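Asks: Can you keep this structure in mind? I'll have questions shortly.
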Amino acid sequence: MTTAAVLLEKYSFSNYRTYLAAALFIIGNIAVPQLCHLIPNGGLIFLPIYFFTLVGAFTCGWKVGILTAVLSPVVNCVLFGMPPVASLPAILIKSVTLVVAIAIVAKKMDFSIISVIIAVIAYQLVGMSIEFLMDMNFMHAIQDVRLGWPGILIQIIGGYFAVKGLSRWLES
């Protein structure tokens, strides 16, 4: 199965495919959060802003992942006010950390449910630590785990199957 580590040459910053792929994942990261926000606390529970970043980084590599990670929250904030501006630094840190974790995992091992779990745990741990250092509020720092555990499970299970399916489609 193709992993992000194999796709480093295919998706370079000088290739239009990189921007096209990132645009599609950004659209996903805009549409799905809007649906989740129809449910009270849906954004906090389902953590939708990270899903297509995970899928994009695993299927197309870190360059598509980083574009998706940075532009998705900013575009969502500008267009819809969600996430709030005050939350952007923490979300951007977590999004970028997710891409870095995926890039490291993709170089070290083949894609599997374990690689997804490792990447998600890594970005959550780093993100929680930095979020705690930013505002020294432990409950706020663990909010993604305390309230967002369904979203974490969706990232792991749904992300795994989305990457597998998309990778098969891209390879055909």
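Ordering of the structure tokens sets the chain letters (A, B, ...); residue numbers start at 1 within each chain; ligands are numbered from 1 in the order shown.
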How close does range 21-83 of chain A get to range 96-114 of chain A? List, as a tab-separated table, each residue of range 21-83 of chain A within 9 Å, its nearest atom pair and the distance in Å to one decimal, counting only C-alpha atoms.

Replies:
```
residue	atom	partner	partner_atom	distance
A:Tyr50	CA	A:Leu98	CA	8.1
A:Thr53	CA	A:Val99	CA	7.3
A:Leu54	CA	A:Leu98	CA	7.0
A:Ala57	CA	A:Val99	CA	6.0
A:Phe58	CA	A:Ile102	CA	6.5
A:Gly61	CA	A:Ala103	CA	7.1
A:Trp62	CA	A:Ala103	CA	5.9
A:Lys63	CA	A:Val99	CA	8.8
A:Gly65	CA	A:Val99	CA	5.7
A:Ile66	CA	A:Val99	CA	6.2
A:Ala69	CA	A:Val96	CA	5.7
A:Val70	CA	A:Val96	CA	7.1
```

Asks: Output N, CA and C atoms for every residue in that selection, as a short mmCIF file (atom, residue, chain, number, x, y, z; two decimals), in the first residue's frame.

Replies:
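Final output, saved to again.cif:
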```
data_model
loop_
_atom_site.label_atom_id
_atom_site.label_comp_id
_atom_site.auth_asym_id
_atom_site.auth_seq_id
_atom_site.Cartn_x
_atom_site.Cartn_y
_atom_site.Cartn_z
N TYR A 50 -9.64 18.07 12.13
CA TYR A 50 -8.42 17.28 11.98
C TYR A 50 -8.58 16.10 11.02
N THR A 53 -7.21 16.50 7.44
CA THR A 53 -5.76 16.73 7.56
C THR A 53 -5.07 15.38 7.70
N LEU A 54 -5.60 14.52 8.55
CA LEU A 54 -5.05 13.19 8.75
C LEU A 54 -5.10 12.40 7.44
N ALA A 57 -2.66 13.93 4.77
CA ALA A 57 -1.24 13.72 5.06
C ALA A 57 -0.85 12.26 4.86
N PHE A 58 -1.72 11.33 5.25
CA PHE A 58 -1.40 9.92 5.06
C PHE A 58 -1.46 9.51 3.59
N GLY A 61 0.96 12.86 1.54
CA GLY A 61 2.23 13.32 2.09
C GLY A 61 2.11 14.59 2.91
N TRP A 62 3.25 14.97 3.47
CA TRP A 62 3.26 16.08 4.43
C TRP A 62 2.98 17.42 3.78
N LYS A 63 3.30 17.61 2.51
CA LYS A 63 3.08 18.91 1.87
C LYS A 63 1.60 19.19 1.71
N GLY A 65 -0.62 17.70 3.52
CA GLY A 65 -1.05 17.75 4.91
C GLY A 65 -0.86 19.11 5.54
N ILE A 66 0.30 19.72 5.31
CA ILE A 66 0.58 21.02 5.95
C ILE A 66 -0.31 22.12 5.37
N ALA A 69 -3.63 21.47 6.96
CA ALA A 69 -3.58 21.76 8.41
C ALA A 69 -3.64 23.24 8.71
N VAL A 70 -2.98 24.04 7.90
CA VAL A 70 -2.92 25.49 8.17
C VAL A 70 -4.12 26.22 7.58
#
```

Asks: With DSSP run on the backbone, what are the helix (DSSP H, G or I) residues within range 4-41 of chain A? I'd like them as an MDAnalysis selection string.

Replies: chainID A and resid 16:36

Asks: If we count only C-alpha atoms and set the cut-off at 8 Å, which residues sit around Gly159 in chain A, ignoring sequence neighbours fewer than 2 positions away in its own chain? Please answer as a PDB file with N, CA and C atoms, in the first residue's frame.

Replies:
```
ATOM      1  N   PHE A  51      -9.811  15.711  10.710  1.00  0.00           N
ATOM      2  CA  PHE A  51     -10.039  14.460   9.973  1.00  0.00           C
ATOM      3  C   PHE A  51      -9.393  14.468   8.584  1.00  0.00           C
ATOM      4  N   LEU A  54      -5.597  14.524   8.552  1.00  0.00           N
ATOM      5  CA  LEU A  54      -5.050  13.188   8.747  1.00  0.00           C
ATOM      6  C   LEU A  54      -5.097  12.397   7.440  1.00  0.00           C
ATOM      7  N   VAL A  55      -6.247  12.381   6.791  1.00  0.00           N
ATOM      8  CA  VAL A  55      -6.400  11.614   5.552  1.00  0.00           C
ATOM      9  C   VAL A  55      -5.478  12.169   4.461  1.00  0.00           C
ATOM     10  N   VAL A 116      -1.876   4.927  12.505  1.00  0.00           N
ATOM     11  CA  VAL A 116      -2.870   5.985  12.733  1.00  0.00           C
ATOM     12  C   VAL A 116      -2.981   6.271  14.227  1.00  0.00           C
ATOM     13  N   ILE A 154     -13.173   8.430  15.805  1.00  0.00           N
ATOM     14  CA  ILE A 154     -13.515   8.624  14.387  1.00  0.00           C
ATOM     15  C   ILE A 154     -12.240   8.866  13.577  1.00  0.00           C
ATOM     16  N   GLN A 155     -11.324   9.663  14.119  1.00  0.00           N
ATOM     17  CA  GLN A 155     -10.058   9.905  13.422  1.00  0.00           C
ATOM     18  C   GLN A 155      -9.308   8.600  13.221  1.00  0.00           C
ATOM     19  N   ILE A 156      -9.253   7.784  14.250  1.00  0.00           N
ATOM     20  CA  ILE A 156      -8.492   6.540  14.165  1.00  0.00           C
ATOM     21  C   ILE A 156      -9.178   5.533  13.242  1.00  0.00           C
ATOM     22  N   ILE A 157     -10.416   5.207  13.528  1.00  0.00           N
ATOM     23  CA  ILE A 157     -11.104   4.164  12.765  1.00  0.00           C
ATOM     24  C   ILE A 157     -11.525   4.682  11.387  1.00  0.00           C
ATOM     25  N   PHE A 161      -9.845   3.714   7.559  1.00  0.00           N
ATOM     26  CA  PHE A 161     -10.600   3.201   6.416  1.00  0.00           C
ATOM     27  C   PHE A 161     -10.655   4.209   5.265  1.00  0.00           C
ATOM     28  N   ALA A 162     -10.701   5.490   5.581  1.00  0.00           N
ATOM     29  CA  ALA A 162     -10.693   6.511   4.522  1.00  0.00           C
ATOM     30  C   ALA A 162      -9.369   6.504   3.773  1.00  0.00           C
ATOM     31  N   VAL A 163      -8.268   6.403   4.489  1.00  0.00           N
ATOM     32  CA  VAL A 163      -6.947   6.361   3.848  1.00  0.00           C
ATOM     33  C   VAL A 163      -6.801   5.092   3.014  1.00  0.00           C
TER      34      VAL A 163
END
```

Asks: List the spatial neighbours of range 16-22 of chain A as a PyMOL selection string - criterion: any atom at most 9 Å away, only C-alpha atoms, same-chain residues fewer than 4 positions off excluded.

Replies: chain A and resi 10-12+26-27+53+56+60+63-68

Asks: Those same residues - C-alpha atoms - I'd like them written as a PDB file, in the first residue's frame.

Replies:
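Produced file selection_4.pdb, reproduced below:
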```pdb
ATOM      1  CA  LYS A  10       4.555  13.084  -6.542  1.00  0.00           C
ATOM      2  CA  TYR A  11       3.228  15.842  -4.312  1.00  0.00           C
ATOM      3  CA  SER A  12       5.794  18.643  -4.340  1.00  0.00           C
ATOM      4  CA  ILE A  26      -9.649  21.719   2.843  1.00  0.00           C
ATOM      5  CA  ILE A  27     -13.189  21.616   1.411  1.00  0.00           C
ATOM      6  CA  THR A  53      -5.764  16.728   7.561  1.00  0.00           C
ATOM      7  CA  GLY A  56      -4.583  14.103   3.317  1.00  0.00           C
ATOM      8  CA  CYS A  60      -0.659  12.507  -0.237  1.00  0.00           C
ATOM      9  CA  LYS A  63       3.082  18.908   1.873  1.00  0.00           C
ATOM     10  CA  VAL A  64      -0.613  18.347   1.188  1.00  0.00           C
ATOM     11  CA  GLY A  65      -1.054  17.750   4.910  1.00  0.00           C
ATOM     12  CA  ILE A  66       0.577  21.020   5.950  1.00  0.00           C
ATOM     13  CA  LEU A  67      -1.459  23.059   3.463  1.00  0.00           C
ATOM     14  CA  THR A  68      -4.619  21.396   4.749  1.00  0.00           C
TER      15      THR A  68
END
```

Asks: For Phe25 in chain A, which residue among A:Met82, A:Leu71, A:Ile121, A:Leu147 is the nearest when counting only C-alpha atoms?

Replies: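 The closest residue to Phe25 in chain A is A:Leu71.
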
Asks: Return the single residue from A:Ala119, A:Asn29, A:Ile91, A:Phe46 that is closest to Arg146 in chain A, with distances computed using only C-alpha atoms.

Replies: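 Nearest to Arg146 in chain A: A:Phe46.
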